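Single-structure report; data block below.
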Amino acid sequence: MRKLDDRLLELMKERNWKNMTEIQQKSLEPILSGKNTLIIAPTGYGKTEAALIPILDMMLKTNVKPVSLIYITPLKALINDLTLRIEWWASRLGFYVNRKHGEVPQKEKNLRLKITPHILVTTPEGLEIDLDWATRFREKYKNVKWVIVDEIHELIGSKRGVQLSVLLERLKDYIGYDFQRIGLSATINDEDLVASFLFGSSSRQSEIVKVNDKKEFELSIVKLNSAGDIWKNVAKHIISSVEKPSLIFTNSRFLTERLHEELEEYDKDFYVHHSSISRESKSNVEEYLRTGKAKGVICTKTLELGIDIGDIKKIIMFRPPPSVASFLQRLGRSGHKIYGKPRGEIICIYDHDLLEAYAISELAKLGKVERQSICKPLDVAAREILGMILQYDEVEKEKAYKILTSSYVFRNLSEKTFNELIEYLAKNNLITIKGDKLSIGKFFFKLWNFNRNNGYSWSRGFSEFFSMINSTDTFTLKWEDKNIGEIDAIYVYKHIRSGDIIRIGGKLWKIIRINTSRMVVDVLPADKGDGEIPVWRGDGISKSYLLPKEIYVLFKEKRKEISDIIDKYVSRNLPLPSPNVIIEEKRDKEIVYSTLINEKIASTLAHILLYLATSKDSLNNYARYSIYGFSINYTEKDLLEELLKYNEKELKRIIIRSILRSPLFISTLKEIQISYGKLGKIDTKEDKLIIKDALRQTISKYFSIKNTIRFINKIKRGKIKIIKYDGSTPLGDAVLLQAPIKPWITGISTIIYDTLKGGAYTLAELSESLGISQKSLEAKLKQMRKPESKYRIVSFIDVDSRETRWCLMEDLENIVKSCDFYTSFNPINSDETFIASLRAINSTTTTDLIFKPKEIIDNPEEIIRRIPFEEIGEMRINDPVDPLVYNISPRFYYVNKRVAPYLLLNAVAYIQNMKYS
């Protein structure tokens with residue numbers, strides 16, 4: 001082993017280090033020899049020092065200029081702690097350390113211009129701002145020799161990770177030097193993928209360094225009685241179980257706040273730590289932990305990662321975390337030393353909590369962790385192209401493409417897709433194309449505005465441009481002019497519709513309208529109803545794909561820990577839960593298909609059933625899904641049985657249609673369109689690029705088309721059996737605890753308009769084409785006849801088939817003149833006399849208009865002149881000779897007088913056809 005600088009060895013003595021840890025020793029040689037290095041070890045093994053010490057050694061031995069090392073971390077909450085930790089070493093060696101993130105005071109940010117730091121600790125967003133906008137400080141980056149990326153496992157599956165991947169390539173291109181890249185990660189499944197992601201286009205040799213220690217841990221799993229006041233039960237249990245200091249992890253901000261509210265009734269020494277509280281509050285809470293003031297802190301992911309918060313005695317998890325990786329991170333916050341033993345407890349409320357807790361515990365003991373997957377979002381590519389233009393004022397298309405495709409994520413981005421993206425950004429005036437050069441377009445600084453108060457209502461704060469964390473992900477609840485609260489956008493898209501009643505701040509509110517462009521939900525106070533408590537982001541986190549597999553093992557081995565749940569199946573003569581058995585349960589208002597299933601497959605199946613239900617029943621349907629199965633509310637037909645009739649090609653078509661109608665797709669679409677400079681409604685023809693990208697991202701995150709088709713084929717072949725059961729099961733109960741998803745059909749009027757354009761269709765034909773039930777569709781068509789409708793439509797009788805057809809009002813004249821419906825507008829006898837009975841809108845009196853069909857054919861303008869009002873509420877025909885004609889006359893509602901002559905001809909043609917046939 002190479003000898004480290006004596007000054008570093010002295011500092012180790014000062015820290016009372018007897019030896020370097022195994023991971024620190026293993027990391028020395030590859031880093032000192034200039035290799036890109038990925039360091040993998042459990043939490044508490046000193047990974048930061050493993051990367052830092054050899055770099056400090058090289059900094060001491062070479063004449064480095066600031067900035068020479070960039071240390072990137074995914075969490076702002078980690079920066080303060082890491083800066084202190086790095087500064088302890090660096091300052092004693094004569095190196096200056098500075099931090100950069102959104103919550104750092106401006107005074108401190110300005111200081112780095114006077115004294116340039118040798119080591120800069122920042123976030124992906126901090127690096128983005130410096131490369132795009134910090135013209136003075138950016139020059140200092142030309143001295144960078146090393147980049148460390150901390151907690152890289154947290155970044156790899158996210159858009160921030162993709163952003164960082166491109167930023168590192170932009171940095172390399174800007175400074176013209178292939179800097180050394182070092183990644184720090186907790187235990188991961190696919191280290192080669194993580195290494196490829198980090199090292200990108202670097203031509204340096206690389207090495208993966210890891211220790212394979214599986215830390216033993218102490219874990220108790222407790223199930224509380226879910227009857228009575230569950231919050232009081234949980235609070236009392238935590239009070240009896242907590243050991244000062246403890247971390248109490250929940251799966252969302254909402255649960256964190258709710259639990260804290262209950263615990264405060266018993267003890268004031270409990271605090272809250274999550275992403276939505278202020279920087280000052282977070283710092284205070286961290287200090288309370290270090291100094292032993294806090295008995296416990298209720299927290300979310302913000303304290304999962306390696307902030308120094310002292311010696312934590314115990315970890316309490318309120319309900320199981322969603323993945324093994326998350327479990328290990330949380331549990332590892334206690335016993336945060338190499339030989340320390342993590343201690344924790346999982347509090348379970350429901351039967352399925354118990355299943356997940358034991359499954360996660362077993363998987364952790366076996367060392368099985370989730371595989372990472374890399375998303376390939378084109379909206380991030382769009383932002384990075386804009387970033388490059390801001391950096392250079394103008395950039396060559398070829399250079400932008402080369403830098404983008406240097407990133408591991410976009411290495412396969414085709415030139416065709418790149419050019420489509422460039423042209424689309426230019427069409428939306430975010431960029432200007434002049435020959436082979438790209439520059440910023442006129443709309444950019446209107447959209448990303450320096451002063452939102454002086455900007456447009458739709459503009460965003462300029463600082464938001466640099467971040468891939470979606471900051472407009474909440475809807476504001478408004479009653480009159482008062483703000484009632486906020487709800488996550490994804491929750492609104494998935495679950496909330498006009499007419500629903502929700503509970504916020506202890507009061508009931510009825511949803512009046514949802515305004516997606518302003519991100520506002522208008523509400524009114526509600527006196528009664530079952531108010532649903534909204535679920536904030538995090539409550540609906542997807543469950544690990546490893547869980548259903550391991551739960552199946554627990555059932556197969558008939559583990560005594562879950563004997564009560566097993567007994568519920570045995571006593572009902574049911575087979576134990578398995579991926580090869582679906583139990584079809586008829587519950588209160590829905591049919592539940594309980595099984596053990598990958599959540600993405602369950603999501604896809606639930607969305608298909610929802611699509612079929614809305615096509616055949618009404619838009620008021622809903623579905624649920626989880627790793628325990630899926631459900632659909634009652635419909636006339638057995639939709640799962642109907643689903644089995646489709647071939648693979650038809651299934652793919654239905655799956656895509658169902659995803660396009662999914663609130664998950666709508667949410668993704670709303671999230672990404674701002675990156676493309678697209679505001680307002682998406683046009684299916686003009687905005688294909690965004691729709692494709694949103695569809696690709698939605699499928700990648702929430703659905704699995706191939707595996708769902710495979711699953712359906714297994715049912716067809718009898719490999720998965722369906723058992724009908726008139727009762728309930730624990731897994732069925734778990735499905736029913738999921739919040740329902742409802743279809744989100746945006747711009748239905750626009751869809752109908754596009755479909756009707758140039759033609760005339762029956763209700764059945766439109767329903768088949770649009771995948772909307774005839775009942776719901778007919779209600780919408782009738783609404784679109786009214787004068788206030790943006791797209792006016794009319795109906796007429798197809799005389800040949802005697803069916804009603806619908807068309808656009810603007811197309812009616814061409815339809816009358818076409819050969820397709822000749823008999824529908826050409827009376828058999830044009831000299832017969834008729835009386836048209838006309839009633840104005842909002843009137844009870846009628847006006848009679850005597851006419852002969854010949855008069856309309858010869859001079860329709862004269863008939864229009866004789867109608868005394870612009871809009872006709874109801875119109876029908878009488879015969880002065882034959883009173884029975886009135887009974888067979890078609891009625892026309894909400895008719896503009898300009899098209900009345902054509903509909904009068906249609907009525908006469910129909911009546912004469914009936915009389916003379």
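Order determines the names: the first chain of the structure tokens is A, the second B, and so forth; residues in each chain are numbered 1 upward, and ligands are numbered 1 upward as they are shown.
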
Neighbours of range 849-863 of chain A within 9 Å (only C-alpha atoms; same-chain residues fewer than 5 positions away dropped), as a PyMOL selection string? chain A and resi 826-827+829-838+898+900-902+904-905+908

Within 8 Å of Leu93 in chain A, counting only C-alpha atoms, which residues show up once you throw out same-chain ones fewer than 3 positions away? Write them as a ChimeraX atom specification, please. /A:7,60,89-90

I need the chosen residues saved as an mmCIF file, in the first residue's frame, with C-alpha atoms.
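As written to disk, selection_38.cif reads:
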```cif
data_model
loop_
_atom_site.group_PDB
_atom_site.id
_atom_site.type_symbol
_atom_site.label_atom_id
_atom_site.label_comp_id
_atom_site.auth_asym_id
_atom_site.auth_seq_id
_atom_site.Cartn_x
_atom_site.Cartn_y
_atom_site.Cartn_z
ATOM 1 C CA ARG A 7 0.048 15.303 7.678
ATOM 2 C CA LEU A 60 -1.083 17.863 -1.026
ATOM 3 C CA TRP A 89 -9.737 17.410 7.347
ATOM 4 C CA ALA A 90 -9.309 20.021 4.613
#
```

If you run DSSP over the backbone, which residues in range 102-190 of chain A end up helix (DSSP H, G or I)? Put them as a ChimeraX atom specification. /A:106-114,124-132,135-143,152-155,159-175

With N, CA and C atoms kept, could you save the residues just selected as a compact mmCIF listing (two decimals), in the first residue's frame?
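The resulting result.txt:
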```
# COMPACT_ATOMS: atom_id res chain seq x y z
N GLN A 106 -27.18 34.22 1.04
CA GLN A 106 -26.56 34.91 -0.10
C GLN A 106 -25.15 35.41 0.23
N LYS A 107 -24.97 35.86 1.48
CA LYS A 107 -23.66 36.36 1.92
C LYS A 107 -22.58 35.29 1.74
N GLU A 108 -22.93 34.06 2.11
CA GLU A 108 -21.98 32.95 2.01
C GLU A 108 -21.73 32.59 0.54
N LYS A 109 -22.79 32.70 -0.29
CA LYS A 109 -22.62 32.41 -1.72
C LYS A 109 -21.66 33.42 -2.35
N ASN A 110 -21.82 34.68 -1.94
CA ASN A 110 -20.97 35.74 -2.50
C ASN A 110 -19.51 35.58 -2.07
N LEU A 111 -19.28 35.00 -0.89
CA LEU A 111 -17.94 34.85 -0.34
C LEU A 111 -17.05 34.00 -1.24
N ARG A 112 -17.65 33.03 -1.92
CA ARG A 112 -16.82 32.12 -2.75
C ARG A 112 -16.22 32.85 -3.95
N LEU A 113 -16.79 34.03 -4.29
CA LEU A 113 -16.20 34.82 -5.38
C LEU A 113 -14.93 35.54 -4.91
N LYS A 114 -14.89 35.83 -3.60
CA LYS A 114 -13.70 36.49 -3.04
C LYS A 114 -12.62 35.46 -2.69
N PRO A 124 -26.89 18.45 -7.44
CA PRO A 124 -26.97 18.53 -8.91
C PRO A 124 -27.49 19.88 -9.37
N GLU A 125 -28.47 20.44 -8.63
CA GLU A 125 -29.04 21.74 -8.99
C GLU A 125 -27.99 22.85 -8.86
N GLY A 126 -27.14 22.75 -7.82
CA GLY A 126 -26.09 23.74 -7.62
C GLY A 126 -25.11 23.75 -8.79
N LEU A 127 -24.75 22.56 -9.27
CA LEU A 127 -23.84 22.46 -10.42
C LEU A 127 -24.52 22.99 -11.68
N GLU A 128 -25.81 22.72 -11.83
CA GLU A 128 -26.58 23.21 -12.98
C GLU A 128 -26.55 24.74 -13.03
N ILE A 129 -26.82 25.37 -11.90
CA ILE A 129 -26.84 26.84 -11.84
C ILE A 129 -25.46 27.41 -12.22
N ASP A 130 -24.41 26.80 -11.68
CA ASP A 130 -23.06 27.30 -11.95
C ASP A 130 -22.70 27.18 -13.43
N LEU A 131 -23.03 26.04 -14.04
CA LEU A 131 -22.68 25.86 -15.45
C LEU A 131 -23.54 26.73 -16.36
N ASP A 132 -24.83 26.88 -16.02
CA ASP A 132 -25.74 27.63 -16.89
C ASP A 132 -25.60 29.14 -16.74
N THR A 135 -21.56 33.09 -14.51
CA THR A 135 -20.50 33.39 -15.48
C THR A 135 -19.15 33.64 -14.83
N ARG A 136 -19.14 34.30 -13.67
CA ARG A 136 -17.85 34.62 -13.01
C ARG A 136 -17.26 33.39 -12.34
N PHE A 137 -18.10 32.65 -11.61
CA PHE A 137 -17.57 31.52 -10.85
C PHE A 137 -17.26 30.31 -11.74
N ARG A 138 -17.99 30.21 -12.85
CA ARG A 138 -17.84 29.06 -13.75
C ARG A 138 -16.39 28.85 -14.19
N GLU A 139 -15.68 29.96 -14.40
CA GLU A 139 -14.28 29.90 -14.83
C GLU A 139 -13.42 29.06 -13.88
N LYS A 140 -13.76 29.12 -12.56
CA LYS A 140 -12.98 28.41 -11.54
C LYS A 140 -13.07 26.90 -11.71
N TYR A 141 -14.14 26.44 -12.38
CA TYR A 141 -14.32 25.00 -12.59
C TYR A 141 -13.26 24.42 -13.55
N LYS A 142 -12.55 25.29 -14.26
CA LYS A 142 -11.55 24.79 -15.21
C LYS A 142 -10.39 24.10 -14.51
N ASN A 143 -10.33 24.24 -13.17
CA ASN A 143 -9.25 23.59 -12.40
C ASN A 143 -9.67 22.25 -11.79
N ILE A 152 -25.06 7.75 -4.52
CA ILE A 152 -25.44 7.71 -5.94
C ILE A 152 -26.65 6.80 -6.19
N HIS A 153 -26.86 5.82 -5.30
CA HIS A 153 -28.02 4.94 -5.44
C HIS A 153 -29.32 5.72 -5.32
N GLU A 154 -29.26 6.89 -4.64
CA GLU A 154 -30.45 7.74 -4.50
C GLU A 154 -30.76 8.49 -5.79
N LEU A 155 -29.76 8.67 -6.63
CA LEU A 155 -29.93 9.49 -7.83
C LEU A 155 -30.24 8.67 -9.08
N LYS A 159 -34.87 11.62 -12.29
CA LYS A 159 -34.52 12.64 -13.30
C LYS A 159 -33.33 13.47 -12.86
N ARG A 160 -33.17 13.65 -11.55
CA ARG A 160 -32.01 14.39 -11.03
C ARG A 160 -30.73 13.64 -11.36
N GLY A 161 -30.81 12.31 -11.34
CA GLY A 161 -29.66 11.49 -11.71
C GLY A 161 -29.32 11.66 -13.18
N VAL A 162 -30.35 11.69 -14.02
CA VAL A 162 -30.15 11.90 -15.46
C VAL A 162 -29.54 13.28 -15.70
N GLN A 163 -30.07 14.27 -14.99
CA GLN A 163 -29.54 15.64 -15.07
C GLN A 163 -28.05 15.65 -14.73
N LEU A 164 -27.68 14.98 -13.63
CA LEU A 164 -26.28 14.94 -13.20
C LEU A 164 -25.41 14.23 -14.23
N SER A 165 -25.93 13.16 -14.79
CA SER A 165 -25.20 12.40 -15.81
C SER A 165 -24.78 13.30 -16.97
N VAL A 166 -25.70 14.17 -17.42
CA VAL A 166 -25.40 15.10 -18.51
C VAL A 166 -24.49 16.23 -18.02
N LEU A 167 -24.74 16.71 -16.81
CA LEU A 167 -23.91 17.81 -16.26
C LEU A 167 -22.44 17.42 -16.18
N LEU A 168 -22.16 16.16 -15.81
CA LEU A 168 -20.76 15.71 -15.72
C LEU A 168 -20.11 15.73 -17.10
N GLU A 169 -20.90 15.38 -18.13
CA GLU A 169 -20.36 15.41 -19.51
C GLU A 169 -20.17 16.86 -19.97
N ARG A 170 -21.07 17.73 -19.56
CA ARG A 170 -20.93 19.15 -19.90
C ARG A 170 -19.70 19.75 -19.22
N LEU A 171 -19.47 19.35 -17.97
CA LEU A 171 -18.31 19.83 -17.23
C LEU A 171 -17.01 19.36 -17.90
N LYS A 172 -17.00 18.09 -18.27
CA LYS A 172 -15.81 17.51 -18.93
C LYS A 172 -15.52 18.25 -20.24
N ASP A 173 -16.56 18.54 -21.01
CA ASP A 173 -16.38 19.24 -22.28
C ASP A 173 -15.90 20.67 -22.04
N TYR A 174 -16.47 21.33 -21.03
CA TYR A 174 -16.15 22.73 -20.75
C TYR A 174 -14.70 22.90 -20.30
N ILE A 175 -14.22 22.02 -19.41
CA ILE A 175 -12.86 22.21 -18.88
C ILE A 175 -11.80 21.51 -19.74
```

Please identify the strand (DSSP E) residues within range 544-750 of chain A (assignment by DSSP from backbone atoms) and present them as an MDAnalysis selection string. chainID A and resid 581:586 590:594 623:626 629:633 721:725

May I have the residues from that selection written out with C-alpha atoms, as a short mmCIF file (atom, residue, chain, number, x, y, z; two decimals), in the first residue's frame?
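Now in again16.cif:
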```
data_model
loop_
_atom_site.label_atom_id
_atom_site.label_comp_id
_atom_site.auth_asym_id
_atom_site.auth_seq_id
_atom_site.Cartn_x
_atom_site.Cartn_y
_atom_site.Cartn_z
CA VAL A 581 -54.15 -18.34 -7.84
CA ILE A 582 -56.58 -15.43 -8.11
CA ILE A 583 -59.47 -15.35 -5.64
CA GLU A 584 -62.39 -13.42 -7.14
CA GLU A 585 -64.26 -11.81 -4.24
CA LYS A 586 -67.60 -10.02 -4.52
CA GLU A 590 -66.68 -3.98 -6.29
CA ILE A 591 -65.12 -7.20 -7.47
CA VAL A 592 -61.70 -7.83 -5.95
CA TYR A 593 -59.16 -10.15 -7.60
CA SER A 594 -56.75 -10.99 -4.77
CA ALA A 623 -60.41 0.65 -9.82
CA ARG A 624 -57.69 -0.18 -7.27
CA TYR A 625 -54.38 -2.05 -7.40
CA SER A 626 -51.52 -3.18 -5.18
CA GLY A 629 -54.30 -7.77 -6.44
CA PHE A 630 -56.68 -5.40 -8.20
CA SER A 631 -60.36 -4.50 -8.25
CA ILE A 632 -63.09 -2.85 -10.31
CA ASN A 633 -66.45 -1.54 -9.15
CA LYS A 721 -56.43 -20.39 -11.66
CA ILE A 722 -59.38 -18.14 -10.78
CA ILE A 723 -61.46 -19.19 -7.75
CA LYS A 724 -64.80 -17.44 -7.19
CA TYR A 725 -65.52 -16.83 -3.51
#
```

Which polymer residues have any atom within 8 Å of an atom of range 346-352 of chain A, counting only C-alpha atoms, with same-chain residues fewer than 5 positions away left out, as a list in words? Leu219, Ser220, Ile221, Val222, Lys223, Leu224, Asn225, Ser226, Ile316, Met317, Phe318, Arg319, Pro320, Ala357, Ile565, Pro730, Leu731 and Ala734 of chain A

Mind dumping the selected residues with N, CA and C atoms as an mmCIF file, in the first residue's frame?
```cif
data_model
loop_
_atom_site.group_PDB
_atom_site.id
_atom_site.type_symbol
_atom_site.label_atom_id
_atom_site.label_comp_id
_atom_site.auth_asym_id
_atom_site.auth_seq_id
_atom_site.Cartn_x
_atom_site.Cartn_y
_atom_site.Cartn_z
ATOM 1 N N LEU A 219 -34.410 -6.773 15.191
ATOM 2 C CA LEU A 219 -35.661 -6.172 14.719
ATOM 3 C C LEU A 219 -36.848 -6.839 15.398
ATOM 4 N N SER A 220 -37.723 -6.023 15.953
ATOM 5 C CA SER A 220 -38.982 -6.580 16.464
ATOM 6 C C SER A 220 -40.112 -6.078 15.576
ATOM 7 N N ILE A 221 -41.076 -6.938 15.321
ATOM 8 C CA ILE A 221 -42.230 -6.594 14.483
ATOM 9 C C ILE A 221 -43.466 -6.691 15.363
ATOM 10 N N VAL A 222 -44.181 -5.583 15.486
ATOM 11 C CA VAL A 222 -45.314 -5.497 16.416
ATOM 12 C C VAL A 222 -46.582 -5.179 15.646
ATOM 13 N N LYS A 223 -47.659 -5.930 15.916
ATOM 14 C CA LYS A 223 -48.954 -5.602 15.285
ATOM 15 C C LYS A 223 -49.888 -5.051 16.341
ATOM 16 N N LEU A 224 -50.367 -3.828 16.096
ATOM 17 C CA LEU A 224 -51.305 -3.193 17.025
ATOM 18 C C LEU A 224 -52.740 -3.476 16.601
ATOM 19 N N ASN A 225 -53.643 -3.349 17.541
ATOM 20 C CA ASN A 225 -55.059 -3.548 17.250
ATOM 21 C C ASN A 225 -55.548 -2.379 16.400
ATOM 22 N N SER A 226 -56.122 -2.692 15.232
ATOM 23 C CA SER A 226 -56.561 -1.615 14.335
ATOM 24 C C SER A 226 -57.943 -1.085 14.702
ATOM 25 N N ILE A 316 -37.672 3.305 14.909
ATOM 26 C CA ILE A 316 -39.051 2.809 14.896
ATOM 27 C C ILE A 316 -39.644 3.165 13.533
ATOM 28 N N MET A 317 -40.202 2.167 12.850
ATOM 29 C CA MET A 317 -40.824 2.424 11.555
ATOM 30 C C MET A 317 -42.335 2.265 11.706
ATOM 31 N N PHE A 318 -43.059 3.357 11.451
ATOM 32 C CA PHE A 318 -44.520 3.277 11.500
ATOM 33 C C PHE A 318 -45.001 2.757 10.158
ATOM 34 N N ARG A 319 -45.334 1.468 10.151
ATOM 35 C CA ARG A 319 -45.701 0.688 8.964
ATOM 36 C C ARG A 319 -44.436 0.412 8.133
ATOM 37 N N PRO A 320 -44.420 -0.696 7.420
ATOM 38 C CA PRO A 320 -43.190 -1.108 6.721
ATOM 39 C C PRO A 320 -42.797 -0.132 5.622
ATOM 40 N N ALA A 357 -43.599 -6.618 6.555
ATOM 41 C CA ALA A 357 -42.526 -6.467 7.540
ATOM 42 C C ALA A 357 -41.652 -7.712 7.591
ATOM 43 N N ILE A 565 -52.927 -15.240 9.876
ATOM 44 C CA ILE A 565 -53.374 -14.934 8.503
ATOM 45 C C ILE A 565 -53.599 -16.246 7.741
ATOM 46 N N PRO A 730 -57.842 -11.710 3.672
ATOM 47 C CA PRO A 730 -56.908 -10.649 4.113
ATOM 48 C C PRO A 730 -56.287 -9.880 2.946
ATOM 49 N N LEU A 731 -55.950 -10.591 1.854
ATOM 50 C CA LEU A 731 -55.357 -9.900 0.707
ATOM 51 C C LEU A 731 -56.385 -9.020 0.011
ATOM 52 N N ALA A 734 -56.648 -5.878 1.838
ATOM 53 C CA ALA A 734 -55.499 -4.998 1.538
ATOM 54 C C ALA A 734 -55.738 -4.210 0.254
#
```

Excluding Leu386 in chain A and residues on its chain fewer than 3 positions from it, collect all residues at most 9 Å away from it, counting only C-alpha atoms, and give them as a PDB file with C-alpha atoms, in the first residue's frame.
```pdb
ATOM      1  CA  ASP A 132     -25.744  27.631 -16.892  1.00  0.00           C
ATOM      2  CA  ALA A 381     -32.521  16.415 -22.486  1.00  0.00           C
ATOM      3  CA  ALA A 382     -34.596  19.486 -23.433  1.00  0.00           C
ATOM      4  CA  ARG A 383     -33.592  21.286 -20.216  1.00  0.00           C
ATOM      5  CA  ILE A 389     -27.289  27.570 -24.709  1.00  0.00           C
ATOM      6  CA  LEU A 390     -27.418  29.699 -21.527  1.00  0.00           C
ATOM      7  CA  GLN A 391     -23.821  28.673 -20.786  1.00  0.00           C
ATOM      8  CA  LEU A 430     -37.703  28.430 -26.326  1.00  0.00           C
ATOM      9  CA  ILE A 431     -34.806  28.343 -28.790  1.00  0.00           C
ATOM     10  CA  SER A 439     -29.658  30.355 -29.262  1.00  0.00           C
ATOM     11  CA  ILE A 440     -32.289  31.268 -26.643  1.00  0.00           C
TER      12      ILE A 440
END
```

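In terms of minimum interatomic distance to Lys897 in chain A, A:Ile864 ranks closest within A:Asn842, A:Val144, A:Ala364, A:Ile864, counting only C-alpha atoms.
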
Coordinates-based distance that separates CA of Tyr408 in chain A from CA of Lys65 in chain A (Å, one decimal): 29.2 Å

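We find CA of Phe179 in chain A and CA of Lys145 in chain A to be spaced 4.8 Å apart.
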